[in-house]
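To start, the structure under review is shown below, and the notes come after it.
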Amino acid sequence: MDDTQVYVLFAQLEELLAESDIEASDKIEELLNLLQQTPFKSQLIKLGEVVDDYDFDDATALFYTLKNTYKEPQTAV
């Protein structure tokens with residue numbers, strides 16, 4: 001997994017959410033493809049559902065939770 005690519009997508013997604021742009025769904029799909037085998041998959045699915053409901057305020061809150069969690073070091077389970 002390429003963290004640089006994830007952070008680029010995070011930046012693009014953040015901008016789309018700020019603009020209440022439904023294209024945020026596409027960025028979420030790209031992130032899902034990158035993070036499919038990670039603990040973040042369920043958060044991204046939920047984020048996608050909220051964006052699909054056009055609830056950009058809740059989507060932005062979920063995004064920042066995801067982004068902040070992603071920055072934390074992951075421990076092996």
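Residues in the structure tokens are numbered from 1 in each chain, the chains being A, B, ... in the order shown, and ligands are numbered from 1 in the order shown.
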
Exercise. Compile the contact shell of region 41-53 of chain A as a list in words: residues with an atom at most 10 Å away, counting only C-alpha atoms, same-chain residues fewer than 3 positions apart removed.
Key: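 The filter keeps Leu17, Ser20, Asp21, Ile22, Glu23, Ala24, Ser25, Asp26, Lys27, Ile28, Glu29, Leu31, Leu32, Asn33, Leu34, Leu35, Gln36, Gln37, Thr38, Phe56, Asp57, Asp58, Ala59, Thr60, Ala61, Leu62, Phe63, Thr65 and Leu66 of chain A.
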
Convert the current residue selection to file output with N, CA and C atoms, as a PDB file, in the first residue's frame.
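The result, stored in out-v2.pdb:
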```
ATOM      1  N   LEU A  17     -15.410  17.169  -0.314  1.00  0.00           N
ATOM      2  CA  LEU A  17     -16.381  17.225   0.782  1.00  0.00           C
ATOM      3  C   LEU A  17     -16.663  18.678   1.168  1.00  0.00           C
ATOM      4  N   SER A  20     -19.116  20.033  -1.043  1.00  0.00           N
ATOM      5  CA  SER A  20     -20.338  19.215  -1.129  1.00  0.00           C
ATOM      6  C   SER A  20     -20.505  18.622  -2.524  1.00  0.00           C
ATOM      7  N   ASP A  21     -19.410  18.111  -3.042  1.00  0.00           N
ATOM      8  CA  ASP A  21     -19.370  17.571  -4.403  1.00  0.00           C
ATOM      9  C   ASP A  21     -19.556  16.054  -4.355  1.00  0.00           C
ATOM     10  N   ILE A  22     -20.559  15.568  -5.073  1.00  0.00           N
ATOM     11  CA  ILE A  22     -20.871  14.133  -5.073  1.00  0.00           C
ATOM     12  C   ILE A  22     -19.737  13.306  -5.671  1.00  0.00           C
ATOM     13  N   GLU A  23     -18.812  13.931  -6.393  1.00  0.00           N
ATOM     14  CA  GLU A  23     -17.653  13.198  -6.909  1.00  0.00           C
ATOM     15  C   GLU A  23     -16.786  12.646  -5.783  1.00  0.00           C
ATOM     16  N   ALA A  24     -17.064  13.064  -4.555  1.00  0.00           N
ATOM     17  CA  ALA A  24     -16.375  12.491  -3.396  1.00  0.00           C
ATOM     18  C   ALA A  24     -16.559  10.974  -3.378  1.00  0.00           C
ATOM     19  N   SER A  25     -17.686  10.504  -3.885  1.00  0.00           N
ATOM     20  CA  SER A  25     -17.938   9.053  -3.946  1.00  0.00           C
ATOM     21  C   SER A  25     -16.857   8.330  -4.750  1.00  0.00           C
ATOM     22  N   ASP A  26     -16.415   8.956  -5.827  1.00  0.00           N
ATOM     23  CA  ASP A  26     -15.371   8.347  -6.660  1.00  0.00           C
ATOM     24  C   ASP A  26     -14.056   8.226  -5.894  1.00  0.00           C
ATOM     25  N   LYS A  27     -13.716   9.257  -5.134  1.00  0.00           N
ATOM     26  CA  LYS A  27     -12.474   9.228  -4.344  1.00  0.00           C
ATOM     27  C   LYS A  27     -12.563   8.176  -3.253  1.00  0.00           C
ATOM     28  N   ILE A  28     -13.742   8.045  -2.675  1.00  0.00           N
ATOM     29  CA  ILE A  28     -13.929   7.020  -1.644  1.00  0.00           C
ATOM     30  C   ILE A  28     -13.724   5.640  -2.247  1.00  0.00           C
ATOM     31  N   GLU A  29     -14.232   5.433  -3.455  1.00  0.00           N
ATOM     32  CA  GLU A  29     -14.035   4.145  -4.139  1.00  0.00           C
ATOM     33  C   GLU A  29     -12.547   3.885  -4.390  1.00  0.00           C
ATOM     34  N   LEU A  31     -10.072   5.053  -2.637  1.00  0.00           N
ATOM     35  CA  LEU A  31      -9.478   4.731  -1.327  1.00  0.00           C
ATOM     36  C   LEU A  31      -9.838   3.309  -0.903  1.00  0.00           C
ATOM     37  N   LEU A  32     -11.074   2.912  -1.169  1.00  0.00           N
ATOM     38  CA  LEU A  32     -11.481   1.539  -0.835  1.00  0.00           C
ATOM     39  C   LEU A  32     -10.618   0.517  -1.569  1.00  0.00           C
ATOM     40  N   ASN A  33     -10.303   0.796  -2.822  1.00  0.00           N
ATOM     41  CA  ASN A  33      -9.445  -0.115  -3.578  1.00  0.00           C
ATOM     42  C   ASN A  33      -8.062  -0.220  -2.946  1.00  0.00           C
ATOM     43  N   LEU A  34      -7.544   0.893  -2.459  1.00  0.00           N
ATOM     44  CA  LEU A  34      -6.213   0.883  -1.841  1.00  0.00           C
ATOM     45  C   LEU A  34      -6.221   0.266  -0.448  1.00  0.00           C
ATOM     46  N   LEU A  35      -7.295   0.483   0.282  1.00  0.00           N
ATOM     47  CA  LEU A  35      -7.348   0.085   1.695  1.00  0.00           C
ATOM     48  C   LEU A  35      -8.273  -1.099   1.938  1.00  0.00           C
ATOM     49  N   GLN A  36      -8.511  -1.891   0.895  1.00  0.00           N
ATOM     50  CA  GLN A  36      -9.439  -3.023   0.958  1.00  0.00           C
ATOM     51  C   GLN A  36      -9.117  -4.000   2.089  1.00  0.00           C
ATOM     52  N   GLN A  37      -7.857  -4.282   2.277  1.00  0.00           N
ATOM     53  CA  GLN A  37      -7.454  -5.282   3.274  1.00  0.00           C
ATOM     54  C   GLN A  37      -6.961  -4.637   4.569  1.00  0.00           C
ATOM     55  N   THR A  38      -7.591  -3.545   4.961  1.00  0.00           N
ATOM     56  CA  THR A  38      -7.175  -2.833   6.171  1.00  0.00           C
ATOM     57  C   THR A  38      -8.365  -2.636   7.099  1.00  0.00           C
ATOM     58  N   PHE A  56     -23.198  15.927   3.703  1.00  0.00           N
ATOM     59  CA  PHE A  56     -21.783  16.289   3.645  1.00  0.00           C
ATOM     60  C   PHE A  56     -21.233  16.753   4.993  1.00  0.00           C
ATOM     61  N   ASP A  57     -22.104  17.232   5.891  1.00  0.00           N
ATOM     62  CA  ASP A  57     -21.630  17.610   7.225  1.00  0.00           C
ATOM     63  C   ASP A  57     -21.172  16.368   7.986  1.00  0.00           C
ATOM     64  N   ASP A  58     -22.017  15.338   8.007  1.00  0.00           N
ATOM     65  CA  ASP A  58     -21.641  14.093   8.673  1.00  0.00           C
ATOM     66  C   ASP A  58     -20.474  13.422   7.953  1.00  0.00           C
ATOM     67  N   ALA A  59     -20.482  13.498   6.634  1.00  0.00           N
ATOM     68  CA  ALA A  59     -19.395  12.893   5.862  1.00  0.00           C
ATOM     69  C   ALA A  59     -18.060  13.549   6.206  1.00  0.00           C
ATOM     70  N   THR A  60     -18.065  14.853   6.353  1.00  0.00           N
ATOM     71  CA  THR A  60     -16.833  15.559   6.705  1.00  0.00           C
ATOM     72  C   THR A  60     -16.341  15.136   8.083  1.00  0.00           C
ATOM     73  N   ALA A  61     -17.248  15.002   9.031  1.00  0.00           N
ATOM     74  CA  ALA A  61     -16.870  14.556  10.380  1.00  0.00           C
ATOM     75  C   ALA A  61     -16.291  13.141  10.335  1.00  0.00           C
ATOM     76  N   LEU A  62     -16.935  12.254   9.589  1.00  0.00           N
ATOM     77  CA  LEU A  62     -16.428  10.880   9.457  1.00  0.00           C
ATOM     78  C   LEU A  62     -15.063  10.869   8.769  1.00  0.00           C
ATOM     79  N   PHE A  63     -14.911  11.718   7.763  1.00  0.00           N
ATOM     80  CA  PHE A  63     -13.643  11.790   7.043  1.00  0.00           C
ATOM     81  C   PHE A  63     -12.504  12.179   7.979  1.00  0.00           C
ATOM     82  N   THR A  65     -12.311  11.850  11.184  1.00  0.00           N
ATOM     83  CA  THR A  65     -12.045  10.738  12.099  1.00  0.00           C
ATOM     84  C   THR A  65     -11.178   9.691  11.406  1.00  0.00           C
ATOM     85  N   LEU A  66     -11.532   9.353  10.184  1.00  0.00           N
ATOM     86  CA  LEU A  66     -10.751   8.383   9.406  1.00  0.00           C
ATOM     87  C   LEU A  66      -9.333   8.889   9.170  1.00  0.00           C
TER      88      LEU A  66
END
```

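Going from CA of Ala18 (chain A) to CA of Tyr54 (chain A) covers 12.3 Å.
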
Quiz prompt | Residues flagged helix (DSSP H, G or I) by DSSP in chain A, as an MDAnalysis selection string | solution = chainID A and resid 3:18 24:34 41:52 56:71
